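Accompanying notes for the structure given below.
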Amino acid sequence: MRDVLRIVWQAVILGFAEMRRVYTWKTWTFGWLMRLLCQVTFYALLGSYLGDPHLMRYVLVGNTVGLACLESTIVVISLAGERAMGTLPLLAIAPAGHLPVYLGRGLQWTTTGLISSMVGWTVLPPLLGVPLPWPRAAYAIPVIVLVVISSYGYGCALAGVALRLRGVEWLVLNVAYGIVLTFGGTNVPLSFWPAPLRAVLEFLPLVHGLQAVRGILDGAPVGHVFGLIGIEALVGAGWYLVAWLSMDRLVSVGRRTGTLDYAG
Amino acid sequence: MEAAVSASALRRTYERKRKDAVVALDDLTLSIARNEIHGLLGPNGAGKTTLVKILSTVLLPTAGTARVLGHDVVAETRTVRTLVGLVLGGDRGLYDRLSARRNLLFWGALYKLDARTVRRRADALLERVGLAERADDPVERFSRGMRQRLHLARGLLHEPQVLFLDEPTSGLDPVAAVAFRRLVLELRDEGRTFLLATHDMDEATALCDRVSLIDRGRLLLTDDTASIGRILGDRECVDFVHDDGTHAEALALLPEVTDVERLDDRWRVHTADRDGSRRVLAWLVERDVLTARHAQPTLEEVYLRTVGDRGMRV
């Protein structure tokens with residue numbers, strides 16, 4: 001276990017070092033974070049434009065929690081980079097195995113995702129005139145953390161696709177979080193979608209976590225909320241399992257077919 | 001003594017959709033002694049990298065067996081991985097955003113080295129490969145030669161007994177290449193075994209105890225580097241430099257001379273035997289051609305004659 005944690009820690013250091021290539025704290029705060037907050041504000045104001053304050057809060061909460069999912073899935077890009085850097089075969093033959101690396105490789109995005117979501121959670125509602133019911137809003141924060149964790153597993157699983165099909169990482173990323181944010185209940189209630197699609201949505205991260213967050217804010221029964229939290233955790237665990245199997249298979253098939261290239 | 005590396009009837013094919021499979025290694029049998037630097041020479045696509053990949057467990061063979069220090073690379077993968085180090089050439093295989101030290105700490109964790117050990121070894125290796133003063137600089141600021149030395153340090157971190165070097169000096173300037181070779185020789189003197197896949201004949205000549213020539217996945221020959229010229233037969237040669245061809249024409253008429261050929265920068269006189277070479281040398285010295293020397297075919301000539309003009313083709 002200690003070996004795994006040390007590898008994850010080294011991968012986290014690497015992840016943050018790579019993140020610093022893209023952002024300084026200033027460009028992240030005044031560029032990326034502002035962009036996300038503007039995006040959430042835009043959708044919230046659409047709700048307001050429709051003349052329904054409940055809808056505005058619905059969209060605001062959905063998109064704010066959605067930020068946690070959106071940024072966590074950027075792990076797809078970080079993991080796909082291993083092939084481009086030629087480190088994939090070296091990771092594959094390392095005695096500790098390659099899987100712990102993937103676990104820590106994109107954790108920087110979970111950190112920024114959580115920060116983005118928390119800033120949105122605390123700043124935007126009062127700014128837009130739809131304050132959240134505190135302290136209940138505080139109880140929802142651990143659920144947002146859970147959404148971050150389950151979404152990261154989802155991103156890791158989809159990174160397996162990006163590692164197999166070269167050059168599609170940005171497509172995979174955008175489709176991955178696009179699907180969740182479009183159909184997962186951020187702007188439109190799940191009940192809007194046809195039943196077969198709703199059945200599929202049950203397996204996406206964010207979906208149940210977001211329902212739990214809404215339940216907490218609306219004072220729903222504790223048992224109902226915990227049920228939703230449990231399902232979100234199960235969905236997340238499922239995605240981690242898929243990621244683990246997918247990555248392991250990537251390497252075992254790669255050894256057999258010769259696709260674990262040094263080059264990108 | 002058991003070989004450090006052995007391959008027996010090793011075969012690797014790559015399946016292709018709607019096309020015939022590509023044979024990358026074709027019944028290759030090879031043995032490398034402990035403490036040997038063994039060169040693997042061949043044109044692009046000859047199978048050098050495929051062999052290195054199989055031996056380092058990155059790739060599975062289609063048939064045949066390969067062993068490292070007696071351990072089967074397929075059946076005992078985990079053991080083999082702790083015994084071998086893989087050193088890639090070029091820019092890939094390092095994390096550019098991390099410092100040299102951080103790269104080593106990262107890979108040390110993946111080799112299950114405890115924190116104290118990996119720090120100690122990282123410091124010692126960075127010192128050894130001449131990167132101590134740049135240890136905390138991001139790798140993206142490193143020159144090609146510095147990257148290559150860091151590759152070697154990474155490959156040595158877990159103190160492997162066998163190292164596979166895949167084109168380790170490609171793109172290095174001559175000074176950096178010489179420094180790198182010196183380091184490899186030092187490491188060999190400490191008891192390590194090397195398999196060096198390279199295109200570079202000078203490198204192979206300078207470093208390798210023995211070389212193997214492969215082409216189209218087949219082993220063409222294996223011999224001591226120093227005496228590989230014998231492969232082309234027991235021909236005696238005398239090389240000399242001269243501006244015009246008058247001496248060459250005169251030499252061609254001597255009974256002991258079998259052939260005279262123009263090489264890039266010199267003339268080569270082939271003689272029937274050692275006495276013939278002696279007489280040709282004397283003949284040239286009498287005419288003030290002091291550049292004359294007794295010669296044997298070089299590794300490069302052996303390579304060119306054995307592999308032919310395939311070097312430009314893949």
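Identifiers in the structure tokens: chain A, B, ... in order shown; residue index from 1 per chain; ligand index from 1 in order shown.
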
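Residues of chain A having any atom within 6 Å of chain B, counting only C-alpha atoms, are Ile7, Gln10, Ala17, Glu18, Met85, Gly86, Thr87, Ala94, Pro95, Ala96, Arg255, Arg256 and Gly258 of chain A.
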
Go ahead and dump the residues you just picked, C-alpha atoms, as a PDB file, in the first residue's frame.
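See part09.pdb below for the written result:
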ATOM      1  CA  ILE A   7       3.666   6.255  -6.758  1.00  0.00           C
ATOM      2  CA  GLN A  10       4.956  11.123  -7.465  1.00  0.00           C
ATOM      3  CA  ALA A  17       4.199  20.246 -12.794  1.00  0.00           C
ATOM      4  CA  GLU A  18       2.427  19.660 -16.093  1.00  0.00           C
ATOM      5  CA  MET A  85       5.776  11.089 -24.301  1.00  0.00           C
ATOM      6  CA  GLY A  86       6.891   7.533 -24.985  1.00  0.00           C
ATOM      7  CA  THR A  87       6.612   6.610 -21.317  1.00  0.00           C
ATOM      8  CA  ALA A  94       7.844  -1.111 -14.103  1.00  0.00           C
ATOM      9  CA  PRO A  95       7.753  -3.706 -11.312  1.00  0.00           C
ATOM     10  CA  ALA A  96       5.152  -1.756  -9.334  1.00  0.00           C
ATOM     11  CA  ARG A 255       2.450  -6.648 -25.388  1.00  0.00           C
ATOM     12  CA  ARG A 256       0.775  -9.180 -27.624  1.00  0.00           C
ATOM     13  CA  GLY A 258       3.142  -4.669 -30.381  1.00  0.00           C
TER      14      GLY A 258
END

Exercise for the section: If you run DSSP over the backbone, which residues in region 29-117 of chain B end up helix (DSSP H, G or I)? Put them as a ChimeraX atom specification. Expected result: /B:48-55,77-83,100-110,115-117

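Proximity ranking of B:Arg141, B:Leu213, B:Ser170, B:Glu186 relative to Thr29 (chain B) places B:Leu213 first, based on only C-alpha atoms.
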
Handout entry: Spatial neighbours of Leu28 (chain B), max dist 8 Å, only C-alpha atoms, sep filter under 3 positions, as a PyMOL selection string
Key = chain B and resi 7-11+25+217-219

Handout entry: Length of the CA of Leu79 (chain A) to CA of Trp28 (chain A) vector [Å]
Key = 20.9 Å

Practice task
List every residue of region 119-287 of chain B that DSSP, applied to the backbone of this structure, assigns to strand (DSSP E), and report them as a VMD selection string.
Solution key: chain B and resid 162 to 166 193 to 198 210 to 215 218 to 224 236 to 240 257 to 262 267 to 271

Would you put the residues from that selection into a file with N, CA and C atoms, as a short mmCIF file (atom, residue, chain, number, x, y, z; two decimals), in the first residue's frame?
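Output file out-v7.cif is given in full below:
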data_model
loop_
_atom_site.label_atom_id
_atom_site.label_comp_id
_atom_site.auth_asym_id
_atom_site.auth_seq_id
_atom_site.Cartn_x
_atom_site.Cartn_y
_atom_site.Cartn_z
N VAL B 162 21.54 -6.21 -16.34
CA VAL B 162 21.58 -6.22 -17.80
C VAL B 162 20.89 -4.95 -18.31
N LEU B 163 21.55 -4.27 -19.22
CA LEU B 163 20.96 -3.06 -19.78
C LEU B 163 20.76 -3.18 -21.29
N PHE B 164 19.60 -2.77 -21.74
CA PHE B 164 19.32 -2.74 -23.16
C PHE B 164 19.31 -1.28 -23.61
N LEU B 165 20.19 -0.96 -24.51
CA LEU B 165 20.29 0.42 -25.00
C LEU B 165 19.79 0.45 -26.45
N ASP B 166 18.75 1.19 -26.69
CA ASP B 166 18.18 1.25 -28.04
C ASP B 166 18.53 2.59 -28.68
N THR B 193 26.07 -6.13 -18.05
CA THR B 193 26.01 -6.64 -19.41
C THR B 193 25.15 -5.68 -20.24
N PHE B 194 25.58 -5.45 -21.46
CA PHE B 194 24.84 -4.50 -22.31
C PHE B 194 24.48 -5.14 -23.65
N LEU B 195 23.27 -4.86 -24.08
CA LEU B 195 22.90 -5.12 -25.47
C LEU B 195 22.63 -3.76 -26.09
N LEU B 196 23.40 -3.44 -27.09
CA LEU B 196 23.36 -2.11 -27.69
C LEU B 196 22.83 -2.21 -29.11
N ALA B 197 21.61 -1.74 -29.32
CA ALA B 197 21.06 -1.70 -30.68
C ALA B 197 21.45 -0.37 -31.30
N THR B 198 22.12 -0.41 -32.41
CA THR B 198 22.62 0.84 -32.98
C THR B 198 22.79 0.75 -34.49
N ARG B 210 31.44 -7.92 -28.82
CA ARG B 210 30.99 -8.71 -29.98
C ARG B 210 29.83 -7.97 -30.62
N VAL B 211 29.63 -8.26 -31.89
CA VAL B 211 28.49 -7.67 -32.59
C VAL B 211 27.71 -8.75 -33.32
N SER B 212 26.42 -8.49 -33.45
CA SER B 212 25.57 -9.34 -34.29
C SER B 212 24.95 -8.48 -35.36
N LEU B 213 24.97 -8.97 -36.56
CA LEU B 213 24.32 -8.27 -37.67
C LEU B 213 22.99 -8.95 -37.94
N ILE B 214 21.91 -8.16 -37.93
CA ILE B 214 20.63 -8.75 -38.29
C ILE B 214 20.00 -7.97 -39.42
N ASP B 215 19.23 -8.67 -40.22
CA ASP B 215 18.51 -8.04 -41.32
C ASP B 215 17.25 -8.84 -41.58
N ARG B 218 16.50 -11.73 -39.35
CA ARG B 218 17.38 -12.90 -39.30
C ARG B 218 18.76 -12.49 -38.82
N LEU B 219 19.34 -13.36 -38.04
CA LEU B 219 20.71 -13.12 -37.59
C LEU B 219 21.65 -13.51 -38.73
N LEU B 220 22.45 -12.56 -39.18
CA LEU B 220 23.36 -12.85 -40.29
C LEU B 220 24.70 -13.36 -39.79
N LEU B 221 25.19 -12.75 -38.73
CA LEU B 221 26.45 -13.23 -38.17
C LEU B 221 26.66 -12.64 -36.79
N THR B 222 27.46 -13.31 -36.01
CA THR B 222 27.92 -12.80 -34.71
C THR B 222 29.41 -13.06 -34.62
N ASP B 223 30.16 -12.04 -34.22
CA ASP B 223 31.60 -12.25 -34.12
C ASP B 223 32.22 -11.20 -33.20
N ASP B 224 33.48 -11.46 -32.82
CA ASP B 224 34.20 -10.46 -32.05
C ASP B 224 34.38 -9.20 -32.89
N GLU B 236 44.14 -10.08 -47.23
CA GLU B 236 45.09 -9.10 -46.71
C GLU B 236 44.89 -7.81 -47.48
N CYS B 237 45.02 -6.70 -46.80
CA CYS B 237 44.86 -5.41 -47.46
C CYS B 237 45.94 -4.45 -47.01
N VAL B 238 46.23 -3.52 -47.90
CA VAL B 238 47.07 -2.38 -47.54
C VAL B 238 46.34 -1.14 -48.02
N ASP B 239 46.16 -0.20 -47.09
CA ASP B 239 45.50 1.05 -47.44
C ASP B 239 46.55 2.14 -47.58
N PHE B 240 46.35 3.04 -48.52
CA PHE B 240 47.22 4.21 -48.60
C PHE B 240 46.46 5.38 -49.23
N VAL B 257 49.61 -8.72 -55.93
CA VAL B 257 48.38 -7.93 -55.75
C VAL B 257 47.23 -8.60 -56.49
N THR B 258 46.12 -8.80 -55.76
CA THR B 258 44.96 -9.43 -56.40
C THR B 258 43.94 -8.40 -56.88
N ASP B 259 43.95 -7.24 -56.24
CA ASP B 259 42.97 -6.23 -56.64
C ASP B 259 43.37 -4.88 -56.04
N VAL B 260 42.98 -3.81 -56.72
CA VAL B 260 43.17 -2.47 -56.17
C VAL B 260 41.84 -1.75 -56.31
N GLU B 261 41.38 -1.17 -55.21
CA GLU B 261 40.08 -0.47 -55.30
C GLU B 261 40.18 0.90 -54.68
N ARG B 262 39.35 1.78 -55.20
CA ARG B 262 39.30 3.15 -54.69
C ARG B 262 38.21 3.22 -53.62
N TRP B 267 43.12 4.49 -51.18
CA TRP B 267 43.20 3.31 -52.05
C TRP B 267 43.34 2.07 -51.19
N ARG B 268 42.80 0.97 -51.66
CA ARG B 268 42.98 -0.30 -50.93
C ARG B 268 43.57 -1.33 -51.90
N VAL B 269 44.66 -1.92 -51.46
CA VAL B 269 45.34 -2.93 -52.27
C VAL B 269 45.11 -4.29 -51.61
N HIS B 270 44.51 -5.19 -52.33
CA HIS B 270 44.29 -6.54 -51.79
C HIS B 270 45.45 -7.44 -52.24
N THR B 271 45.99 -8.17 -51.27
CA THR B 271 47.12 -9.04 -51.59
C THR B 271 46.76 -10.49 -51.28
#

Neighbour list for Thr73 (chain A) as a PDB file with N, CA and C atoms, in the first residue's frame, cut-off 9 Å, only C-alpha atoms, skip fewer than 6 positions in-chain:
ATOM      1  N   GLY A 106      -3.902  12.544 -12.849  1.00  0.00           N
ATOM      2  CA  GLY A 106      -4.740  13.710 -13.185  1.00  0.00           C
ATOM      3  C   GLY A 106      -5.396  14.317 -11.960  1.00  0.00           C
ATOM      4  N   TRP A 109      -6.449  17.938 -11.668  1.00  0.00           N
ATOM      5  CA  TRP A 109      -7.718  18.409 -12.245  1.00  0.00           C
ATOM      6  C   TRP A 109      -8.872  18.224 -11.263  1.00  0.00           C
ATOM      7  N   THR A 110      -8.742  17.235 -10.393  1.00  0.00           N
ATOM      8  CA  THR A 110      -9.795  17.083  -9.375  1.00  0.00           C
ATOM      9  C   THR A 110      -9.703  18.233  -8.374  1.00  0.00           C
ATOM     10  N   VAL A 148     -16.608  14.616  -7.707  1.00  0.00           N
ATOM     11  CA  VAL A 148     -15.245  14.761  -8.234  1.00  0.00           C
ATOM     12  C   VAL A 148     -14.590  13.384  -8.357  1.00  0.00           C
ATOM     13  N   SER A 151     -16.308  11.159 -11.038  1.00  0.00           N
ATOM     14  CA  SER A 151     -16.035  11.682 -12.388  1.00  0.00           C
ATOM     15  C   SER A 151     -14.598  11.387 -12.806  1.00  0.00           C
ATOM     16  N   TYR A 152     -13.694  11.407 -11.839  1.00  0.00           N
ATOM     17  CA  TYR A 152     -12.291  11.096 -12.136  1.00  0.00           C
ATOM     18  C   TYR A 152     -12.158   9.645 -12.611  1.00  0.00           C
ATOM     19  N   GLY A 153     -12.896   8.756 -11.960  1.00  0.00           N
ATOM     20  CA  GLY A 153     -12.900   7.355 -12.394  1.00  0.00           C
ATOM     21  C   GLY A 153     -13.434   7.218 -13.810  1.00  0.00           C
ATOM     22  N   TYR A 154     -14.493   7.976 -14.096  1.00  0.00           N
ATOM     23  CA  TYR A 154     -15.084   8.001 -15.439  1.00  0.00           C
ATOM     24  C   TYR A 154     -14.039   8.484 -16.463  1.00  0.00           C
ATOM     25  N   GLY A 155     -13.328   9.552 -16.093  1.00  0.00           N
ATOM     26  CA  GLY A 155     -12.275  10.068 -16.980  1.00  0.00           C
ATOM     27  C   GLY A 155     -11.164   9.051 -17.206  1.00  0.00           C
ATOM     28  N   CYS A 156     -10.775   8.364 -16.131  1.00  0.00           N
ATOM     29  CA  CYS A 156      -9.719   7.353 -16.259  1.00  0.00           C
ATOM     30  C   CYS A 156     -10.159   6.226 -17.202  1.00  0.00           C
ATOM     31  N   LEU A 158     -12.322   6.441 -19.648  1.00  0.00           N
ATOM     32  CA  LEU A 158     -12.354   6.909 -21.037  1.00  0.00           C
ATOM     33  C   LEU A 158     -10.954   7.196 -21.572  1.00  0.00           C
ATOM     34  N   ALA A 159     -10.013   7.437 -20.675  1.00  0.00           N
ATOM     35  CA  ALA A 159      -8.623   7.613 -21.113  1.00  0.00           C
ATOM     36  C   ALA A 159      -8.122   6.342 -21.791  1.00  0.00           C
ATOM     37  N   LEU A 173     -12.565  13.590 -24.507  1.00  0.00           N
ATOM     38  CA  LEU A 173     -12.836  14.438 -23.343  1.00  0.00           C
ATOM     39  C   LEU A 173     -14.129  15.223 -23.526  1.00  0.00           C
ATOM     40  N   ALA A 176     -17.108  13.048 -23.538  1.00  0.00           N
ATOM     41  CA  ALA A 176     -17.322  12.456 -22.203  1.00  0.00           C
ATOM     42  C   ALA A 176     -18.065  13.407 -21.286  1.00  0.00           C
ATOM     43  N   TYR A 177     -17.530  14.617 -21.120  1.00  0.00           N
ATOM     44  CA  TYR A 177     -18.223  15.506 -20.184  1.00  0.00           C
ATOM     45  C   TYR A 177     -19.436  16.159 -20.839  1.00  0.00           C
TER      46      TYR A 177
END

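Of the residues listed (B:Asp244, B:His158, B:Pro255, B:Asp264), B:Asp244 shows the shortest atom-to-atom separation from Val289 (chain B); distances use only C-alpha atoms.
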